[in-house]
$ cat entry.cif   # mmCIF, C-alpha atoms
data_coords
loop_
_atom_site.label_atom_id
_atom_site.label_comp_id
_atom_site.auth_asym_id
_atom_site.auth_seq_id
_atom_site.Cartn_x
_atom_site.Cartn_y
_atom_site.Cartn_z
CA LEU X 1 -22.10 45.03 -56.62
CA ASP X 2 -22.77 46.33 -60.12
CA ALA X 3 -26.25 46.60 -61.58
CA ALA X 4 -26.15 43.06 -63.01
CA GLY X 5 -25.03 41.61 -59.72
CA LYS X 6 -27.74 43.41 -57.79
CA GLY X 7 -30.29 42.15 -60.31
CA ASP X 8 -29.19 38.55 -59.74
CA VAL X 9 -29.37 38.94 -55.97
CA ASN X 10 -32.84 40.46 -56.20
CA ALA X 11 -34.02 37.67 -58.51
CA VAL X 12 -32.83 34.98 -56.10
CA ALA X 13 -34.49 36.78 -53.19
CA LYS X 14 -37.78 36.98 -55.10
CA ARG X 15 -37.67 33.27 -55.95
CA LYS X 16 -37.00 32.34 -52.32
CA SER X 17 -39.81 34.61 -51.18
CA ALA X 18 -42.19 33.05 -53.69
CA ALA X 19 -41.23 29.56 -52.56
CA ALA X 20 -41.75 30.50 -48.91
CA ASP X 21 -45.23 31.73 -49.80
CA GLY X 22 -46.15 28.32 -51.20
CA GLY X 23 -44.55 28.56 -54.61
CA ASP X 24 -43.17 25.64 -56.59
CA ILE X 25 -39.66 24.30 -56.08
CA THR X 26 -38.85 25.55 -59.56
CA ASP X 27 -39.00 29.08 -58.09
CA ILE X 28 -35.77 28.21 -56.31
CA LEU X 29 -34.34 25.96 -59.02
CA PRO X 30 -35.45 27.65 -62.25
CA ASN X 31 -33.35 25.39 -64.44
CA VAL X 32 -34.96 22.19 -63.09
CA SER X 33 -38.54 21.31 -63.91
CA SER X 34 -40.85 19.90 -61.26
CA THR X 35 -41.58 16.99 -63.61
CA GLU X 36 -37.89 16.07 -63.70
CA ILE X 37 -37.59 16.27 -59.92
CA GLY X 38 -40.70 14.16 -59.44
CA SER X 39 -39.54 11.51 -61.88
CA GLU X 40 -36.29 11.01 -59.96
CA TRP X 41 -38.30 10.12 -56.83
CA SER X 42 -41.06 8.15 -58.51
CA PHE X 43 -41.75 4.50 -57.68
CA PRO X 44 -40.08 3.21 -60.88
CA ALA X 45 -36.99 5.30 -60.09
CA ILE X 46 -36.88 4.03 -56.48
CA LYS X 47 -37.29 0.44 -57.68
CA LYS X 48 -34.50 0.87 -60.24
CA VAL X 49 -32.07 2.34 -57.69
CA LEU X 50 -33.01 -0.28 -55.10
CA GLN X 51 -32.14 -3.03 -57.58
CA GLN X 52 -28.67 -1.50 -57.88
CA VAL X 53 -27.92 -0.84 -54.21
CA TRP X 54 -29.78 -3.70 -52.52
CA ILE X 55 -26.61 -5.56 -51.51
CA PRO X 56 -25.06 -2.64 -49.56
CA ALA X 57 -28.54 -1.78 -48.23
CA VAL X 58 -29.16 -5.29 -46.89
CA SER X 59 -25.58 -5.38 -45.57
CA VAL X 60 -25.96 -2.22 -43.50
CA TRP X 61 -29.33 -3.47 -42.28
CA GLY X 62 -27.74 -6.73 -41.12
CA VAL X 63 -24.89 -4.90 -39.41
CA PHE X 64 -27.19 -3.03 -37.06
CA VAL X 65 -29.52 -5.97 -36.49
CA VAL X 66 -26.58 -7.92 -35.08
CA SER X 67 -25.04 -4.98 -33.21
CA LEU X 68 -28.22 -3.72 -31.55
CA SER X 69 -29.39 -7.22 -30.62
CA THR X 70 -26.21 -7.74 -28.58
CA PHE X 71 -24.96 -4.30 -27.62
CA PRO X 72 -25.88 -2.95 -25.15
CA ALA X 73 -28.67 -5.41 -24.24
CA ILE X 74 -26.33 -8.33 -23.52
CA THR X 75 -23.22 -6.31 -22.75
CA VAL X 76 -24.84 -4.60 -19.79
CA ASN X 77 -25.34 -8.00 -18.11
CA MET X 78 -21.76 -9.20 -18.55
CA VAL X 79 -19.77 -9.64 -15.38
CA SER X 80 -16.12 -10.16 -14.65
CA THR X 81 -14.99 -13.56 -13.48
CA GLN X 82 -13.30 -11.77 -10.57
CA LYS X 83 -16.38 -9.84 -9.49
CA CYS X 84 -16.67 -9.76 -5.71
CA ASP X 85 -13.42 -11.77 -5.49
CA SER X 86 -11.35 -8.67 -6.09
CA SER X 87 -11.45 -5.31 -4.37
CA GLU X 88 -10.48 -3.49 -7.58
CA ARG X 89 -13.33 -1.48 -9.06
CA PHE X 90 -12.41 -2.53 -12.60
CA TYR X 91 -13.65 -6.04 -11.92
CA ASN X 92 -16.82 -4.79 -10.25
CA ASP X 93 -18.69 -1.61 -11.18
CA GLN X 94 -16.25 -0.46 -13.90
CA PHE X 95 -16.20 -3.62 -16.00
CA VAL X 96 -19.33 -2.92 -18.07
CA PRO X 97 -18.41 0.75 -18.69
CA PHE X 98 -15.03 -0.47 -19.92
CA LEU X 99 -16.80 -2.76 -22.40
CA TYR X 100 -18.75 0.26 -23.64
CA VAL X 101 -15.46 2.06 -24.23
CA MET X 102 -14.12 -0.96 -26.11
CA PHE X 103 -17.15 -1.07 -28.41
CA ASN X 104 -16.94 2.63 -29.25
CA LEU X 105 -13.18 2.46 -29.71
CA GLY X 106 -13.64 -0.47 -32.09
CA ASP X 107 -16.43 1.29 -33.96
CA PHE X 108 -14.33 4.43 -34.43
CA SER X 109 -11.33 2.38 -35.54
CA GLY X 110 -13.44 0.42 -38.03
CA ARG X 111 -14.76 3.58 -39.64
CA TRP X 112 -11.27 5.05 -39.83
CA ILE X 113 -9.86 1.88 -41.40
CA ALA X 114 -12.66 1.78 -43.98
CA GLN X 115 -11.89 5.30 -45.14
CA THR X 116 -8.10 5.06 -44.96
CA PHE X 117 -7.10 1.68 -46.39
CA PRO X 118 -8.19 -0.26 -49.50
CA PRO X 119 -11.40 -2.18 -48.74
CA LEU X 120 -11.28 -5.92 -48.10
CA PHE X 121 -14.69 -6.29 -49.72
CA ASN X 122 -16.52 -4.80 -52.67
CA ALA X 123 -20.14 -3.85 -53.25
CA GLN X 124 -21.00 -7.35 -54.49
CA ASN X 125 -19.56 -9.45 -51.67
CA LEU X 126 -20.02 -7.10 -48.71
CA TRP X 127 -23.03 -9.14 -47.65
CA LYS X 128 -20.66 -11.95 -46.66
CA ALA X 129 -19.03 -9.74 -44.03
CA SER X 130 -22.43 -8.64 -42.75
CA LEU X 131 -23.74 -12.20 -42.60
CA GLY X 132 -20.56 -13.46 -40.96
CA ARG X 133 -21.15 -11.16 -37.98
CA VAL X 134 -24.17 -13.28 -37.02
CA ILE X 135 -21.78 -15.79 -35.42
CA LEU X 136 -20.97 -13.14 -32.81
CA VAL X 137 -24.45 -13.45 -31.29
CA PRO X 138 -24.21 -17.06 -30.03
CA ILE X 139 -20.59 -16.51 -28.99
CA TYR X 140 -21.67 -13.47 -27.02
CA LEU X 141 -24.42 -15.46 -25.35
CA LEU X 142 -21.89 -18.05 -24.18
CA CYS X 143 -19.82 -15.48 -22.30
CA ASN X 144 -19.98 -14.82 -18.57
CA ILE X 145 -23.41 -13.16 -18.34
CA ASP X 146 -25.19 -12.53 -15.07
CA GLY X 147 -28.16 -14.90 -14.77
CA ASN X 148 -27.24 -16.74 -17.97
CA GLN X 149 -29.04 -20.08 -18.28
CA LEU X 150 -26.66 -21.23 -21.02
CA VAL X 151 -23.29 -22.82 -20.45
CA ASN X 152 -20.58 -20.21 -19.94
CA VAL X 153 -18.04 -21.41 -22.47
CA PHE X 154 -16.06 -18.17 -22.86
CA THR X 155 -15.68 -17.33 -19.19
CA GLY X 156 -12.47 -15.30 -19.21
CA ASP X 157 -12.64 -11.51 -19.07
CA ALA X 158 -10.43 -11.34 -22.16
CA TRP X 159 -13.17 -13.02 -24.21
CA ALA X 160 -15.73 -10.40 -23.26
CA ILE X 161 -13.31 -7.56 -23.96
CA LEU X 162 -12.06 -8.89 -27.30
CA LEU X 163 -15.52 -9.86 -28.54
CA THR X 164 -16.92 -6.43 -27.68
CA LEU X 165 -13.98 -4.75 -29.37
CA PHE X 166 -14.43 -6.87 -32.51
CA LEU X 167 -18.19 -6.27 -32.48
CA GLY X 168 -17.56 -2.53 -32.59
CA LEU X 169 -14.71 -2.82 -35.09
CA SER X 170 -16.75 -4.87 -37.55
CA ASN X 171 -19.77 -2.64 -37.00
CA GLY X 172 -17.90 0.51 -37.98
CA TYR X 173 -15.99 -1.12 -40.83
CA VAL X 174 -18.84 -2.90 -42.62
CA CYS X 175 -21.28 -0.04 -42.04
CA SER X 176 -18.87 2.53 -43.49
CA LEU X 177 -18.14 0.39 -46.54
CA ALA X 178 -21.84 -0.12 -47.19
CA MET X 179 -22.60 3.59 -46.94
CA LEU X 180 -19.67 4.35 -49.25
CA PHE X 181 -20.56 1.70 -51.83
CA GLY X 182 -24.30 2.38 -52.07
CA PRO X 183 -24.40 5.85 -53.70
CA GLY X 184 -21.38 4.93 -55.81
CA LEU X 185 -23.33 2.26 -57.69
CA VAL X 186 -25.66 4.77 -59.36
CA ASN X 187 -25.18 7.86 -61.47
CA VAL X 188 -24.82 11.30 -59.93
CA LYS X 189 -28.48 12.24 -60.39
CA GLN X 190 -29.59 9.16 -58.46
CA ALA X 191 -26.97 9.42 -55.70
CA SER X 192 -29.31 11.36 -53.42
CA LEU X 193 -32.03 8.73 -53.77
CA ALA X 194 -29.50 5.95 -53.19
CA GLY X 195 -28.30 7.71 -50.05
CA THR X 196 -31.85 7.97 -48.78
CA ILE X 197 -32.38 4.25 -49.35
CA MET X 198 -29.18 3.46 -47.47
CA ILE X 199 -30.20 5.64 -44.52
CA SER X 200 -33.62 3.98 -44.48
CA SER X 201 -31.99 0.53 -44.41
CA LEU X 202 -29.72 1.61 -41.58
CA THR X 203 -32.67 2.97 -39.60
CA PHE X 204 -34.70 -0.19 -40.20
CA GLY X 205 -31.73 -2.24 -39.01
CA LEU X 206 -31.64 -0.21 -35.79
CA LEU X 207 -35.35 -0.87 -35.29
CA CYS X 208 -35.08 -4.62 -35.91
CA GLY X 209 -32.00 -4.93 -33.71
CA ALA X 210 -33.68 -3.02 -30.89
CA LEU X 211 -36.77 -5.24 -31.11
CA LEU X 212 -34.65 -8.40 -31.00
CA SER X 213 -32.88 -7.14 -27.89
CA LEU X 214 -36.11 -6.91 -25.90
#
$ encode --input "entry.cif" --output "structure tokens"
Amino acid sequence: LDAAGKGDVNAVAKRKSAAADGGDITDILPNVSSTEIGSEWSFPAIKKVLQQVWIPAVSVWGVFVVSLSTFPAITVNMVSTQKCDSSERFYNDQFVPFLYVMFNLGDFSGRWIAQTFPPLFNAQNLWKASLGRVILVPIYLLCNIDGNQLVNVFTGDAWAILLTLFLGLSNGYVCSLAMLFGPGLVNVKQASLAGTIMISSLTFGLLCGALLSL
């Protein structure tokens, strides 16, 4: 390095050292004022961004409320109609693990489809896809579940397999679209804040779904 280059390296090292010793963030980012950084994460800024991304945020929340309230809480109690009637392990101890594979395969496929093909929804109507997944809950409850007190309407093994596959597929697809749409609705400076709001909505959806599965 020449003298100018060494000077730049030393200046960066000094700023990092000052920040590690309790200095201000502007020691690391000298061209950004602490006032500007604070204003981007202020309550008015959060409220403004939330008003722009609330549809994808609510959508991703709804996705995980539905998914976690059914999978794996209900899935683990599903049984094959040929359980104990067949000597094949698939219909006995391997049936539930196979459903787990189907969910994860569907989830992976949904995420891949969302990033590869043109979306079927946009940021304004994505909530319809999220809300539509609610119908999967009662359908799931009417499958062949061990100890189920409801009428087993969808008793065939194919129903359990296809429903679990579609649950995962729609989970990955709608979730990916929501996470893609959210930060794209705001300007570049607010993208980080929008991403944080989306992650918070996703996490809250996991919490609500887990509580409903109890």
$ closest_residue --input "entry.cif" --among "X:Ala158, X:Val63, X:Ile55, X:Leu131" --to "X:Gln82" --atoms "only C-alpha atoms"
X:Ala158
$ atom_distance --input "entry.cif" --atom1 "atom CA of X:Asn92" --atom2 "atom CA of X:Ser80"
7.0 Å
$ resolve_selection --input "entry.cif" --expression "the PyMOL selection byres ((chain X and resi 115) around 12)" --output "number ranges by chain"
X: 108-114, 116-120, 172-181
$ residues_around --input "entry.cif" --residues "stretch 71-78 of chain X" --least-positions-apart "5" --cutoff "7 Å" --atoms "all atoms listed in the file" --output "list in words"
Val96, Asn144, Ile145, Asp146 and Ser213 of chain X
$ closest_residue --input "entry.cif" --among "X:Leu185, X:Leu211, X:Leu202, X:Leu167" --to "X:Leu105" --atoms "all atoms listed in the file"
X:Leu167
$ resolve_selection --input "entry.cif" --expression "the PyMOL selection byres ((chain X and resi 97-104) around 6)" --output "short mmCIF file (atom, residue, chain, number, x, y, z; two decimals) with C-alpha atoms, in the coordinates of the input"
data_model
loop_
_atom_site.label_atom_id
_atom_site.label_comp_id
_atom_site.auth_asym_id
_atom_site.auth_seq_id
_atom_site.Cartn_x
_atom_site.Cartn_y
_atom_site.Cartn_z
CA GLN X 94 -16.25 -0.46 -13.90
CA PHE X 95 -16.20 -3.62 -16.00
CA VAL X 96 -19.33 -2.92 -18.07
CA LEU X 105 -13.18 2.46 -29.71
CA GLY X 106 -13.64 -0.47 -32.09
CA ASP X 107 -16.43 1.29 -33.96
CA THR X 164 -16.92 -6.43 -27.68
CA LEU X 165 -13.98 -4.75 -29.37
CA GLY X 168 -17.56 -2.53 -32.59
#
$ closest_residue --input "entry.cif" --among "X:Phe204, X:Phe64, X:Trp127, X:Tyr140" --to "X:Phe154" --atoms "all atoms listed in the file"
X:Tyr140
